[in-house]
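As stored in coords07.cif (mmCIF, C-alpha atoms):
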data_target
#
loop_
_atom_site.group_PDB
_atom_site.id
_atom_site.type_symbol
_atom_site.label_atom_id
_atom_site.label_comp_id
_atom_site.auth_asym_id
_atom_site.auth_seq_id
_atom_site.Cartn_x
_atom_site.Cartn_y
_atom_site.Cartn_z
ATOM 1 C CA MET A 1 -12.507 -13.397 -6.348
ATOM 2 C CA LYS A 2 -12.478 -11.253 -9.450
ATOM 3 C CA GLU A 3 -9.238 -9.403 -10.128
ATOM 4 C CA LEU A 4 -9.156 -6.317 -12.329
ATOM 5 C CA LEU A 5 -6.163 -4.275 -13.429
ATOM 6 C CA GLU A 6 -6.914 -0.600 -13.938
ATOM 7 C CA LEU A 7 -4.536 0.994 -16.432
ATOM 8 C CA ARG A 8 -3.952 4.631 -17.315
ATOM 9 C CA VAL A 9 -3.069 4.040 -20.942
ATOM 10 C CA ASN A 10 -1.038 6.447 -23.064
ATOM 11 C CA TYR A 11 -3.795 7.713 -25.381
ATOM 12 C CA LYS A 12 -1.277 8.035 -28.210
ATOM 13 C CA TYR A 13 -1.137 4.243 -28.441
ATOM 14 C CA ALA A 14 -4.500 3.263 -26.945
ATOM 15 C CA HIS A 15 -5.937 2.525 -30.414
ATOM 16 C CA LEU A 16 -3.556 -0.422 -30.720
ATOM 17 C CA LEU A 17 -5.710 -2.383 -28.302
ATOM 18 C CA PHE A 18 -8.852 -0.437 -27.370
ATOM 19 C CA LYS A 19 -11.772 1.112 -29.208
ATOM 20 C CA GLU A 20 -12.479 4.831 -28.943
ATOM 21 C CA ASP A 21 -15.556 4.292 -26.780
ATOM 22 C CA GLU A 22 -13.852 1.826 -24.426
ATOM 23 C CA GLY A 23 -12.873 3.031 -20.977
ATOM 24 C CA VAL A 24 -12.764 6.694 -19.985
ATOM 25 C CA ASN A 25 -10.804 9.273 -21.994
ATOM 26 C CA LEU A 26 -9.081 11.975 -19.950
ATOM 27 C CA GLY A 27 -7.771 15.308 -21.151
ATOM 28 C CA ASN A 28 -9.129 18.032 -23.412
ATOM 29 C CA PRO A 29 -11.412 16.730 -26.184
ATOM 30 C CA VAL A 30 -10.500 19.744 -28.345
ATOM 31 C CA ARG A 31 -6.745 19.790 -27.832
ATOM 32 C CA GLY A 32 -6.599 16.043 -27.566
ATOM 33 C CA TYR A 33 -6.979 13.330 -24.970
ATOM 34 C CA THR A 34 -3.868 12.181 -23.134
ATOM 35 C CA ILE A 35 -5.017 9.208 -21.049
ATOM 36 C CA LYS A 36 -7.484 6.356 -21.473
ATOM 37 C CA VAL A 37 -8.497 4.641 -18.237
ATOM 38 C CA VAL A 38 -9.482 1.001 -18.702
ATOM 39 C CA LYS A 39 -10.164 -1.942 -16.393
ATOM 40 C CA ILE A 40 -9.088 -5.404 -17.529
ATOM 41 C CA ASP A 41 -10.008 -8.777 -16.054
ATOM 42 C CA THR A 42 -6.655 -10.465 -15.379
ATOM 43 C CA SER A 43 -8.151 -13.851 -16.260
ATOM 44 C CA SER A 44 -9.102 -12.681 -19.775
ATOM 45 C CA SER A 45 -7.125 -13.048 -23.000
ATOM 46 C CA LEU A 46 -6.960 -9.252 -23.196
ATOM 47 C CA PHE A 47 -4.619 -9.223 -20.201
ATOM 48 C CA ALA A 48 -1.971 -11.132 -22.162
ATOM 49 C CA GLU A 49 -2.457 -8.783 -25.115
ATOM 50 C CA VAL A 50 -1.626 -5.783 -22.911
ATOM 51 C CA GLU A 51 1.759 -7.307 -22.143
ATOM 52 C CA LYS A 52 2.487 -7.902 -25.846
ATOM 53 C CA VAL A 53 1.478 -4.383 -26.881
ATOM 54 C CA SER A 54 3.397 -2.835 -23.979
ATOM 55 C CA LYS A 55 6.603 -4.563 -25.053
ATOM 56 C CA SER A 56 6.030 -3.654 -28.697
ATOM 57 C CA VAL A 57 5.463 0.050 -27.954
ATOM 58 C CA TYR A 58 8.519 0.218 -25.733
ATOM 59 C CA GLU A 59 10.767 -1.558 -28.239
ATOM 60 C CA LYS A 60 9.576 0.451 -31.276
ATOM 61 C CA TYR A 61 9.075 3.908 -29.798
ATOM 62 C CA GLY A 62 10.867 3.884 -26.439
ATOM 63 C CA GLU A 63 7.658 4.971 -24.732
ATOM 64 C CA CYS A 64 5.291 3.474 -22.176
ATOM 65 C CA PHE A 65 1.977 1.996 -23.255
ATOM 66 C CA PHE A 66 0.542 2.851 -19.839
ATOM 67 C CA TYR A 67 1.650 5.299 -17.156
ATOM 68 C CA GLY A 68 -0.128 4.069 -14.056
ATOM 69 C CA TRP A 69 -1.808 0.916 -12.788
ATOM 70 C CA GLU A 70 -3.752 -0.454 -9.840
ATOM 71 C CA TYR A 71 -5.060 -3.899 -8.996
ATOM 72 C CA GLN A 72 -8.677 -4.059 -7.801
ATOM 73 C CA ARG A 73 -9.943 -7.282 -6.254
ATOM 74 C CA LYS A 74 -13.621 -7.940 -5.660
ATOM 75 C CA TYR A 75 -14.825 -10.671 -3.326
ATOM 76 C CA SER A 76 -18.149 -12.418 -2.869
ATOM 77 C CA SER A 77 -20.021 -12.156 0.420
ATOM 78 C CA LYS A 78 -19.097 -15.770 1.155
ATOM 79 C CA GLU A 79 -15.393 -15.144 0.521
ATOM 80 C CA LEU A 80 -15.439 -12.189 2.917
ATOM 81 C CA HIS A 81 -17.397 -14.157 5.519
ATOM 82 C CA ASP A 82 -15.037 -17.155 5.371
ATOM 83 C CA ALA A 83 -11.757 -15.198 5.228
ATOM 84 C CA PRO A 84 -9.398 -16.129 8.110
ATOM 85 C CA LEU A 85 -7.350 -12.951 7.712
ATOM 86 C CA PHE A 86 -7.507 -9.612 5.893
ATOM 87 C CA LYS A 87 -4.910 -7.309 4.401
ATOM 88 C CA MET A 88 -5.537 -3.694 5.392
ATOM 89 C CA THR A 89 -4.505 -0.784 3.175
ATOM 90 C CA VAL A 90 -4.566 2.873 4.229
ATOM 91 C CA ARG A 91 -5.961 4.910 1.329
ATOM 92 C CA LYS A 92 -4.771 8.410 2.275
ATOM 93 C CA TYR A 93 -1.109 9.515 2.119
ATOM 94 C CA PHE A 94 0.170 12.898 3.234
ATOM 95 C CA GLU A 95 3.402 14.893 3.524
ATOM 96 C CA PRO A 96 5.741 15.844 5.083
ATOM 97 C CA SER A 97 6.771 12.780 7.058
ATOM 98 C CA GLY A 98 7.372 12.748 10.779
ATOM 99 C CA GLU A 99 11.105 12.416 10.213
ATOM 100 C CA GLU A 100 11.030 15.714 8.317
ATOM 101 C CA CYS A 101 9.186 17.331 11.240
ATOM 102 C CA GLY A 102 11.552 16.289 14.031
ATOM 103 C CA THR A 103 10.538 12.689 14.794
ATOM 104 C CA GLU A 104 13.649 10.775 15.841
ATOM 105 C CA TYR A 105 14.721 7.334 14.626
ATOM 106 C CA ASP A 106 17.484 4.863 15.416
ATOM 107 C CA ASP A 107 18.978 3.571 12.170
ATOM 108 C CA ASN A 108 21.680 1.456 13.813
ATOM 109 C CA CYS A 109 19.422 -1.607 13.775
ATOM 110 C CA ALA A 110 18.205 -1.034 10.195
ATOM 111 C CA CYS A 111 19.303 -3.095 7.214
ATOM 112 C CA LYS A 112 22.179 -1.272 5.511
ATOM 113 C CA LEU A 113 20.923 -2.267 2.082
ATOM 114 C CA CYS A 114 17.161 -1.599 2.096
ATOM 115 C CA GLY A 115 16.611 0.472 5.267
ATOM 116 C CA SER A 116 14.135 -1.938 6.860
ATOM 117 C CA GLY A 117 14.134 -2.416 10.621
ATOM 118 C CA ARG A 118 14.738 1.142 11.831
ATOM 119 C CA LYS A 119 13.080 2.111 15.114
ATOM 120 C CA GLN A 120 11.188 5.222 16.089
ATOM 121 C CA ILE A 121 12.596 6.535 19.379
ATOM 122 C CA SER A 122 10.532 9.685 19.945
ATOM 123 C CA PRO A 123 6.851 10.641 19.759
ATOM 124 C CA LEU A 124 5.553 11.289 16.267
ATOM 125 C CA ARG A 125 5.811 14.952 15.298
ATOM 126 C CA ILE A 126 4.021 16.113 12.160
ATOM 127 C CA HIS A 127 2.558 19.303 10.748
ATOM 128 C CA LYS A 128 -1.060 19.993 11.597
ATOM 129 C CA GLY A 129 -3.315 19.439 8.616
ATOM 130 C CA ARG A 130 -6.574 18.075 7.238
ATOM 131 C CA PHE A 131 -5.281 14.567 6.514
ATOM 132 C CA LEU A 132 -8.003 13.024 8.719
ATOM 133 C CA ASN A 133 -10.782 15.090 7.162
ATOM 134 C CA LYS A 134 -13.783 12.749 6.620
ATOM 135 C CA ARG A 135 -11.635 9.698 7.425
ATOM 136 C CA ASP A 136 -10.274 7.876 10.466
ATOM 137 C CA VAL A 137 -6.831 6.895 9.210
ATOM 138 C CA ALA A 138 -4.010 8.295 7.081
ATOM 139 C CA THR A 139 -0.297 7.638 6.669
ATOM 140 C CA THR A 140 2.838 9.517 5.730
ATOM 141 C CA LEU A 141 5.026 8.300 2.885
ATOM 142 C CA ALA A 142 7.407 7.033 5.588
ATOM 143 C CA ASP A 143 4.913 4.474 6.986
ATOM 144 C CA GLU A 144 3.802 6.586 9.972
ATOM 145 C CA ILE A 145 0.104 5.859 10.479
ATOM 146 C CA VAL A 146 -2.229 8.237 12.309
ATOM 147 C CA VAL A 147 -5.812 7.571 13.382
ATOM 148 C CA SER A 148 -8.704 9.561 14.755
ATOM 149 C CA LYS A 149 -9.856 9.720 18.373
ATOM 150 C CA ARG A 150 -13.021 7.894 17.310
ATOM 151 C CA PHE A 151 -10.940 5.042 15.882
ATOM 152 C CA VAL A 152 -9.104 4.672 19.209
ATOM 153 C CA GLU A 153 -12.385 4.682 21.148
ATOM 154 C CA VAL A 154 -13.976 2.017 18.929
ATOM 155 C CA ILE A 155 -10.907 -0.232 19.158
ATOM 156 C CA ARG A 156 -10.855 -0.026 22.948
ATOM 157 C CA GLU A 157 -14.612 -0.485 23.337
ATOM 158 C CA ASN A 158 -14.501 -3.690 21.311
ATOM 159 C CA ASP A 159 -11.521 -5.229 23.129
ATOM 160 C CA ILE A 160 -9.359 -5.473 20.020
ATOM 161 C CA LYS A 161 -6.088 -7.221 20.857
ATOM 162 C CA GLY A 162 -2.622 -6.497 19.497
ATOM 163 C CA ILE A 163 -3.123 -2.851 18.578
ATOM 164 C CA SER A 164 -1.674 0.132 20.438
ATOM 165 C CA PHE A 165 -1.507 3.897 20.086
ATOM 166 C CA SER A 166 0.936 6.692 20.923
ATOM 167 C CA PRO A 167 0.510 10.468 21.135
ATOM 168 C CA VAL A 168 1.023 12.745 18.142
ATOM 169 C CA PHE A 169 2.538 16.212 18.444
ATOM 170 C CA PHE A 170 1.955 19.211 16.201
ATOM 171 C CA GLY A 171 5.161 21.026 17.028
ATOM 172 C CA LYS A 172 5.271 21.097 20.837
ATOM 173 C CA GLN A 173 1.509 20.692 21.276
ATOM 174 C CA GLU A 174 0.088 17.213 21.859
ATOM 175 C CA SER A 175 -2.962 16.497 19.714
ATOM 176 C CA GLU A 176 -6.238 15.605 21.403
ATOM 177 C CA ASP A 177 -7.821 14.198 18.251
ATOM 178 C CA CYS A 178 -4.997 12.398 16.461
ATOM 179 C CA PHE A 179 -2.965 9.351 17.556
ATOM 180 C CA GLN A 180 -0.260 7.191 16.036
ATOM 181 C CA LEU A 181 -1.123 3.578 15.295
ATOM 182 C CA MET A 182 1.971 1.645 16.309
ATOM 183 C CA VAL A 183 3.178 -0.972 13.828
ATOM 184 C CA GLU A 184 5.811 -2.565 16.059
ATOM 185 C CA GLY A 185 3.495 -5.396 16.939
ATOM 186 C CA ASN A 186 2.855 -9.029 16.110
ATOM 187 C CA ARG A 187 4.613 -9.970 12.891
ATOM 188 C CA LEU A 188 3.590 -12.457 10.212
ATOM 189 C CA LYS A 189 6.023 -13.831 7.640
ATOM 190 C CA VAL A 190 5.008 -13.241 4.040
ATOM 191 C CA ASP A 191 5.138 -16.460 2.005
ATOM 192 C CA GLU A 192 7.038 -16.706 -1.275
ATOM 193 C CA ARG A 193 3.774 -17.241 -3.161
ATOM 194 C CA THR A 194 3.158 -13.517 -2.796
ATOM 195 C CA LYS A 195 4.351 -11.667 -5.890
ATOM 196 C CA PHE A 196 6.388 -8.446 -5.808
ATOM 197 C CA GLY A 197 8.058 -6.466 -8.591
ATOM 198 C CA GLY A 198 8.335 -3.208 -10.450
ATOM 199 C CA GLU A 199 5.091 -3.315 -12.453
ATOM 200 C CA PRO A 200 2.642 -5.959 -13.723
ATOM 201 C CA PHE A 201 4.550 -6.839 -16.900
ATOM 202 C CA GLU A 202 8.122 -5.738 -16.097
ATOM 203 C CA VAL A 203 8.416 -4.107 -19.523
ATOM 204 C CA VAL A 204 10.210 -0.966 -18.328
ATOM 205 C CA GLN A 205 13.033 -1.370 -15.832
ATOM 206 C CA ASP A 206 13.122 1.361 -13.186
ATOM 207 C CA GLU A 207 16.845 2.166 -13.167
ATOM 208 C CA GLU A 208 16.524 4.525 -10.207
ATOM 209 C CA ASN A 209 14.850 1.920 -7.996
ATOM 210 C CA THR A 210 16.541 -1.235 -9.292
ATOM 211 C CA GLN A 211 17.726 -2.255 -5.830
ATOM 212 C CA TYR A 212 14.118 -2.287 -4.579
ATOM 213 C CA ILE A 213 12.638 -4.344 -7.407
ATOM 214 C CA SER A 214 14.588 -7.459 -6.397
ATOM 215 C CA PRO A 215 14.332 -8.870 -2.868
ATOM 216 C CA CYS A 216 16.911 -7.740 -0.326
ATOM 217 C CA PRO A 217 19.656 -10.400 0.090
ATOM 218 C CA ASN A 218 19.106 -10.157 3.850
ATOM 219 C CA GLY A 219 15.437 -11.104 3.470
ATOM 220 C CA ASP A 220 14.121 -7.893 5.038
ATOM 221 C CA HIS A 221 12.656 -6.378 1.871
ATOM 222 C CA LEU A 222 10.583 -8.186 -0.766
ATOM 223 C CA GLY A 223 10.421 -5.765 -3.685
ATOM 224 C CA LEU A 224 9.111 -2.480 -4.999
ATOM 225 C CA ASN A 225 5.382 -3.133 -5.446
ATOM 226 C CA LEU A 226 2.915 -5.759 -4.264
ATOM 227 C CA LEU A 227 1.489 -7.460 -7.365
ATOM 228 C CA SER A 228 -0.780 -10.180 -5.965
ATOM 229 C CA GLU A 229 -2.905 -11.211 -3.048
ATOM 230 C CA VAL A 230 -0.879 -11.801 0.107
ATOM 231 C CA TYR A 231 0.019 -15.228 1.492
ATOM 232 C CA VAL A 232 1.427 -15.511 5.022
ATOM 233 C CA LYS A 233 2.952 -18.392 6.952
ATOM 234 C CA TYR A 234 0.760 -19.806 9.674
ATOM 235 C CA SER A 235 1.603 -18.639 13.190
ATOM 236 C CA PRO A 236 -0.172 -19.364 16.504
ATOM 237 C CA ILE A 237 -0.471 -15.616 17.133
ATOM 238 C CA ILE A 238 -3.113 -15.452 14.378
ATOM 239 C CA ASN A 239 -5.545 -17.015 16.858
ATOM 240 C CA GLN A 240 -4.491 -14.753 19.740
ATOM 241 C CA TYR A 241 -4.533 -11.212 18.333
ATOM 242 C CA ASP A 242 -6.492 -9.021 15.936
ATOM 243 C CA PHE A 243 -3.826 -6.774 14.414
ATOM 244 C CA PHE A 244 -0.556 -7.773 12.746
ATOM 245 C CA ILE A 245 2.143 -6.441 10.461
ATOM 246 C CA SER A 246 4.374 -8.239 7.991
ATOM 247 C CA GLN A 247 7.828 -9.276 9.086
ATOM 248 C CA GLN A 248 9.223 -8.053 5.770
ATOM 249 C CA THR A 249 8.716 -4.718 3.985
ATOM 250 C CA PHE A 250 8.280 -3.471 0.429
ATOM 251 C CA GLY A 251 8.630 -0.129 -1.308
ATOM 252 C CA VAL A 252 11.386 2.457 -1.637
ATOM 253 C CA LYS A 253 13.939 4.084 0.657
ATOM 254 C CA ASN A 254 14.526 7.665 -0.466
ATOM 255 C CA ASP A 255 16.110 10.321 1.755
ATOM 256 C CA GLY A 256 14.319 13.127 -0.043
ATOM 257 C CA GLY A 257 15.765 16.289 -1.530
ATOM 258 C CA PRO A 258 14.717 18.983 -4.018
ATOM 259 C CA ASN A 259 11.301 17.997 -5.413
ATOM 260 C CA ARG A 260 11.703 14.478 -3.974
ATOM 261 C CA PRO A 261 9.610 13.192 -1.060
ATOM 262 C CA LEU A 262 11.165 11.272 1.802
ATOM 263 C CA LEU A 263 10.156 7.614 1.456
ATOM 264 C CA ARG A 264 10.629 4.565 3.632
ATOM 265 C CA PRO A 265 9.759 0.859 3.072
ATOM 266 C CA HIS A 266 6.294 -0.132 4.271
ATOM 267 C CA HIS A 267 5.033 -3.084 6.274
ATOM 268 C CA ILE A 268 1.861 -4.851 5.159
ATOM 269 C CA LEU A 269 -0.990 -4.519 7.663
ATOM 270 C CA PHE A 270 -3.269 -7.428 8.557
ATOM 271 C CA CYS A 271 -6.360 -7.799 10.712
ATOM 272 C CA SER A 272 -8.559 -10.553 12.093
ATOM 273 C CA PRO A 273 -12.183 -11.039 10.988
ATOM 274 C CA LYS A 274 -13.187 -9.468 14.322
ATOM 275 C CA LEU A 275 -11.269 -6.256 13.626
ATOM 276 C CA TYR A 276 -12.547 -6.207 10.036
ATOM 277 C CA ARG A 277 -16.167 -6.439 11.251
ATOM 278 C CA THR A 278 -15.563 -3.826 13.940
ATOM 279 C CA ILE A 279 -14.268 -1.335 11.375
ATOM 280 C CA GLN A 280 -17.127 -2.083 8.971
ATOM 281 C CA GLU A 281 -19.930 -2.031 11.549
ATOM 282 C CA ASN A 282 -18.720 1.244 13.081
ATOM 283 C CA HIS A 283 -18.220 2.857 9.663
ATOM 284 C CA LEU A 284 -14.583 3.741 10.313
ATOM 285 C CA ARG A 285 -13.316 5.301 7.107
ATOM 286 C CA GLY A 286 -10.045 5.270 5.196
ATOM 287 C CA PHE A 287 -9.224 1.562 4.833
ATOM 288 C CA ASN A 288 -9.382 -0.875 1.942
ATOM 289 C CA PHE A 289 -9.469 -4.607 2.606
ATOM 290 C CA GLU A 290 -8.487 -7.754 0.716
ATOM 291 C CA VAL A 291 -8.575 -11.380 1.727
ATOM 292 C CA ALA A 292 -5.189 -12.645 2.953
ATOM 293 C CA HIS A 293 -4.306 -16.325 2.725
ATOM 294 C CA ILE A 294 -2.695 -18.433 5.466
ATOM 295 C CA VAL A 295 -0.422 -21.283 4.353
ATOM 296 C CA ASP A 296 1.628 -23.901 6.171
#
Mind converting the file's structure to structure tokens?
Amino acid sequence: MKELLELRVNYKYAHLLFKEDEGVNLGNPVRGYTIKVVKIDTSSSLFAEVEKVSKSVYEKYGECFFYGWEYQRKYSSKELHDAPLFKMTVRKYFEPSGEECGTEYDDNCACKLCGSGRKQISPLRIHKGRFLNKRDVATTLADEIVVSKRFVEVIRENDIKGISFSPVFFGKQESEDCFQLMVEGNRLKVDERTKFGGEPFEVVQDEENTQYISPCPNGDHLGLNLLSEVYVKYSPIINQYDFFISQQTFGVKNDGGPNRPLLRPHHILFCSPKLYRTIQENHLRGFNFEVAHIVD
């Protein structure tokens, strides 16, 4: 596996580590670039240099060396073929959430600290939109996943186990082409080898989301962002089903407000090699996949 970290570097300080022709410069070439997008191999010496420069820029100028980041992991054909489990990521997010459109939840069973464990007690109601345009899956910022009719048909035709669907309503009208993928299914426990945190180098502390950077004392929530490949504890259900979710969550609980989206912690999605192949062979669109590791 080759792991890259894509950074959106503050162009003002990019020269401290990168040449002018490195990466991709974004912004107006006349008025001045604002962002340099670079990809760094996390096994290289340059990766450690990014951490040093980030700390130096923050300490000297009180500014961020980079504004955004994303891990990208590339696997060989053999690694994909031999993988016992995959992590699934939904690429498309949309607003508003179902909760903002009338979907009802029971928060009595949720963790009082991080908000994990709440239960949906009504059909999903969302605004009609183009969130499934040219894709078969999308999710709200509150972890409500919707899939296309074609996705449902392919799953049922291939006898995929452990995955279920519920109707979606646009107002009072039930959709014929959109369904909710239910995440209250078979749960796998995320192992402590999986890394969570605020950002790759923890240079800038997010004061607003401090409570979500550290794990929840109750063990329900693991942190703000997923920073590594995922390791899960072995469970017999891995050999019985094709779709799973993590027992724990990560992310932010935010009740919304003026210019603030409603956010809820997310579960990690997993699938068997059979489900992975089914999605790939039928060209179902909207997912990213990484190898997930099973440990004792």
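For the file shown, the residue list from the PyMOL selection byres ((chain A and resi 108) around 12) reads Tyr105, Asp106, Asp107, Cys109, Ala110, Cys111, Lys112, Gly115, Ser116, Gly117, Arg118, Lys119, Gln120 and Ile121 of chain A.
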Kindly save the residues from that selection, with C-alpha atoms included, as a PDB file, in the coordinates of the input.
ATOM      1  CA  TYR A 105      14.721   7.334  14.626  1.00  0.00           C
ATOM      2  CA  ASP A 106      17.484   4.863  15.416  1.00  0.00           C
ATOM      3  CA  ASP A 107      18.978   3.571  12.170  1.00  0.00           C
ATOM      4  CA  CYS A 109      19.422  -1.607  13.775  1.00  0.00           C
ATOM      5  CA  ALA A 110      18.205  -1.034  10.195  1.00  0.00           C
ATOM      6  CA  CYS A 111      19.303  -3.095   7.214  1.00  0.00           C
ATOM      7  CA  LYS A 112      22.179  -1.272   5.511  1.00  0.00           C
ATOM      8  CA  GLY A 115      16.611   0.472   5.267  1.00  0.00           C
ATOM      9  CA  SER A 116      14.135  -1.938   6.860  1.00  0.00           C
ATOM     10  CA  GLY A 117      14.134  -2.416  10.621  1.00  0.00           C
ATOM     11  CA  ARG A 118      14.738   1.142  11.831  1.00  0.00           C
ATOM     12  CA  LYS A 119      13.080   2.111  15.114  1.00  0.00           C
ATOM     13  CA  GLN A 120      11.188   5.222  16.089  1.00  0.00           C
ATOM     14  CA  ILE A 121      12.596   6.535  19.379  1.00  0.00           C
TER      15      ILE A 121
END
Starting from the displayed file, determine the output of the PyMOL selection byres ((chain A and resi 167) around 9) and express the residue list as an NGL selection string. :A and (123-124 or 165-166 or 168-169 or 174-176 or 178-180)
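Taking CA of Leu46 (chain A) as the reference point, CA of Glu290 (chain A) is found at 24.0 Å.
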Expressed in Å, the length from CA of Phe196 (chain A) to CA of Leu226 (chain A) is 4.7 Å
I want to know what sits within 8 Å of Pro273 (chain A), based on only C-alpha atoms, with residues of the same chain fewer than 2 positions away left out; could you give that as a ChimeraX atom specification? /A:83-86,242,271,275-277
Using all atoms listed in the file, I'd like a table of the residues in region 7-118 of chain A that come within 9 Å of region 254-267 of chain A; for each, show the closest atom pair and its distance in Å rounded to one decimal, ordered by chain and ascending number, as a tab-separated table.
residue	atom	partner	partner_atom	distance
A:Glu95	CA	A:Pro261	CA	7.9
A:Pro96	CA	A:Pro261	CA	7.7
A:Ser97	CA	A:Leu262	CA	7.0
A:Glu99	CA	A:Leu262	CA	8.5
A:Glu100	CA	A:Leu262	CA	7.9
A:Cys114	CA	A:Pro265	CA	7.9
A:Gly115	CA	A:Pro265	CA	7.2
A:Ser116	CA	A:Pro265	CA	6.4
Would you mind exporting the chosen residues as a PDB file, keeping the file's coordinate frame, restricted to C-alpha atoms?
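Writing the result to selection17.pdb gives the following:
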ATOM      1  CA  GLU A  95       3.402  14.893   3.524  1.00  0.00           C
ATOM      2  CA  PRO A  96       5.741  15.844   5.083  1.00  0.00           C
ATOM      3  CA  SER A  97       6.771  12.780   7.058  1.00  0.00           C
ATOM      4  CA  GLU A  99      11.105  12.416  10.213  1.00  0.00           C
ATOM      5  CA  GLU A 100      11.030  15.714   8.317  1.00  0.00           C
ATOM      6  CA  CYS A 114      17.161  -1.599   2.096  1.00  0.00           C
ATOM      7  CA  GLY A 115      16.611   0.472   5.267  1.00  0.00           C
ATOM      8  CA  SER A 116      14.135  -1.938   6.860  1.00  0.00           C
TER       9      SER A 116
END
Run the PyMOL selection byres ((chain A and resi 57-69) around 7) against the file shown and list the residues it catches, as a list in words. Leu5, Glu6, Leu7, Arg8, Val9, Asn10, Tyr13, Val53, Ser54, Lys55, Ser56, Glu70 and Tyr71 of chain A
Compute the distance from (-11.1, -9.0, -13.6) to each atom, counting all atoms listed in the file, keep the residues with any atom at most 10 Å away, and return them as a list of chain:residue names; use the coordinates of the file. A:Met1, A:Lys2, A:Glu3, A:Leu4, A:Leu5, A:Glu6, A:Lys39, A:Ile40, A:Asp41, A:Thr42, A:Ser43, A:Ser44, A:Phe47, A:Tyr71, A:Gln72, A:Arg73, A:Lys74
Since we have the selection now, will you write its residues out, keeping C-alpha atoms, as a compact mmCIF listing (two decimals), in the frame of the given file?
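Produced file again-v1.txt, reproduced below:
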# COMPACT_ATOMS: atom_id res chain seq x y z
CA MET A 1 -12.51 -13.40 -6.35
CA LYS A 2 -12.48 -11.25 -9.45
CA GLU A 3 -9.24 -9.40 -10.13
CA LEU A 4 -9.16 -6.32 -12.33
CA LEU A 5 -6.16 -4.28 -13.43
CA GLU A 6 -6.91 -0.60 -13.94
CA LYS A 39 -10.16 -1.94 -16.39
CA ILE A 40 -9.09 -5.40 -17.53
CA ASP A 41 -10.01 -8.78 -16.05
CA THR A 42 -6.66 -10.46 -15.38
CA SER A 43 -8.15 -13.85 -16.26
CA SER A 44 -9.10 -12.68 -19.77
CA PHE A 47 -4.62 -9.22 -20.20
CA TYR A 71 -5.06 -3.90 -9.00
CA GLN A 72 -8.68 -4.06 -7.80
CA ARG A 73 -9.94 -7.28 -6.25
CA LYS A 74 -13.62 -7.94 -5.66
As AutoDock Vina command-line options, please report the centre and edge lengths, rounded to one decimal in Å, of the axis-aligned box that holds all listed atoms of region 239-250 of chain A with 3 Å of padding on each of the six sides.
--center_x 1.4 --center_y -10.2 --center_z 10.1 --size_x 21.7 --size_y 19.5 --size_z 25.3
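Ranking A:Phe170, A:Tyr234, A:Phe243, A:Phe270 by their shortest atom-to-atom distance to Ile155 (chain A), with all atoms listed in the file included, puts A:Phe243 first.
Atom to atom, CA of Tyr75 (chain A) and CA of Glu229 (chain A) stand 11.9 Å apart.
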For a quick check of understanding, using only C-alpha atoms, which of A:Lys92, A:Arg193, A:Lys253, A:Arg31 has the smallest distance to Gly286 (chain A)? A:Lys92
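Distances here use only C-alpha atoms; by that measure, the residue among A:Leu284, A:Val295, A:Leu26, A:Leu188 closest to Ser148 (chain A) is A:Leu284.
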Which of these, A:Pro217, A:Gly223, A:Pro200, A:Gly32, has the shortest distance to Tyr11 (chain A) once you count only C-alpha atoms? A:Gly32
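Checking A:Val38, A:Val50, A:Ile238, A:Ile279 one by one against Leu17 (chain A), counting all atoms listed in the file, you find the shortest gap at A:Val50.
Of the listed residues A:Lys36, A:Lys12, A:His283, A:Lys274, the one whose atoms come nearest to Asp159 (chain A) is A:Lys274, with distances taken using all atoms listed in the file.
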May I have the residues at most 12 Å from (5.0, -26.6, 7.0) in the file's coordinates, counting all atoms listed in the file, as a count of residues only? 8
Do you know which residues are at most 12 Å from Val90 (chain A) counting only C-alpha atoms, after dropping those on the same chain fewer than 6 positions away, and could you put them as a PDB file with C-alpha atoms, keeping the file's coordinate frame?
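result_23.pdb was written with the following content:
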ATOM      1  CA  PHE A 131      -5.281  14.567   6.514  1.00  0.00           C
ATOM      2  CA  LEU A 132      -8.003  13.024   8.719  1.00  0.00           C
ATOM      3  CA  ARG A 135     -11.635   9.698   7.425  1.00  0.00           C
ATOM      4  CA  ASP A 136     -10.274   7.876  10.466  1.00  0.00           C
ATOM      5  CA  VAL A 137      -6.831   6.895   9.210  1.00  0.00           C
ATOM      6  CA  ALA A 138      -4.010   8.295   7.081  1.00  0.00           C
ATOM      7  CA  THR A 139      -0.297   7.638   6.669  1.00  0.00           C
ATOM      8  CA  THR A 140       2.838   9.517   5.730  1.00  0.00           C
ATOM      9  CA  LEU A 141       5.026   8.300   2.885  1.00  0.00           C
ATOM     10  CA  ASP A 143       4.913   4.474   6.986  1.00  0.00           C
ATOM     11  CA  GLU A 144       3.802   6.586   9.972  1.00  0.00           C
ATOM     12  CA  ILE A 145       0.104   5.859  10.479  1.00  0.00           C
ATOM     13  CA  VAL A 146      -2.229   8.237  12.309  1.00  0.00           C
ATOM     14  CA  VAL A 147      -5.812   7.571  13.382  1.00  0.00           C
ATOM     15  CA  LEU A 181      -1.123   3.578  15.295  1.00  0.00           C
ATOM     16  CA  HIS A 266       6.294  -0.132   4.271  1.00  0.00           C
ATOM     17  CA  HIS A 267       5.033  -3.084   6.274  1.00  0.00           C
ATOM     18  CA  ILE A 268       1.861  -4.851   5.159  1.00  0.00           C
ATOM     19  CA  LEU A 269      -0.990  -4.519   7.663  1.00  0.00           C
ATOM     20  CA  PHE A 270      -3.269  -7.428   8.557  1.00  0.00           C
ATOM     21  CA  LEU A 284     -14.583   3.741  10.313  1.00  0.00           C
ATOM     22  CA  ARG A 285     -13.316   5.301   7.107  1.00  0.00           C
ATOM     23  CA  GLY A 286     -10.045   5.270   5.196  1.00  0.00           C
ATOM     24  CA  PHE A 287      -9.224   1.562   4.833  1.00  0.00           C
ATOM     25  CA  ASN A 288      -9.382  -0.875   1.942  1.00  0.00           C
ATOM     26  CA  PHE A 289      -9.469  -4.607   2.606  1.00  0.00           C
ATOM     27  CA  GLU A 290      -8.487  -7.754   0.716  1.00  0.00           C
TER      28      GLU A 290
END
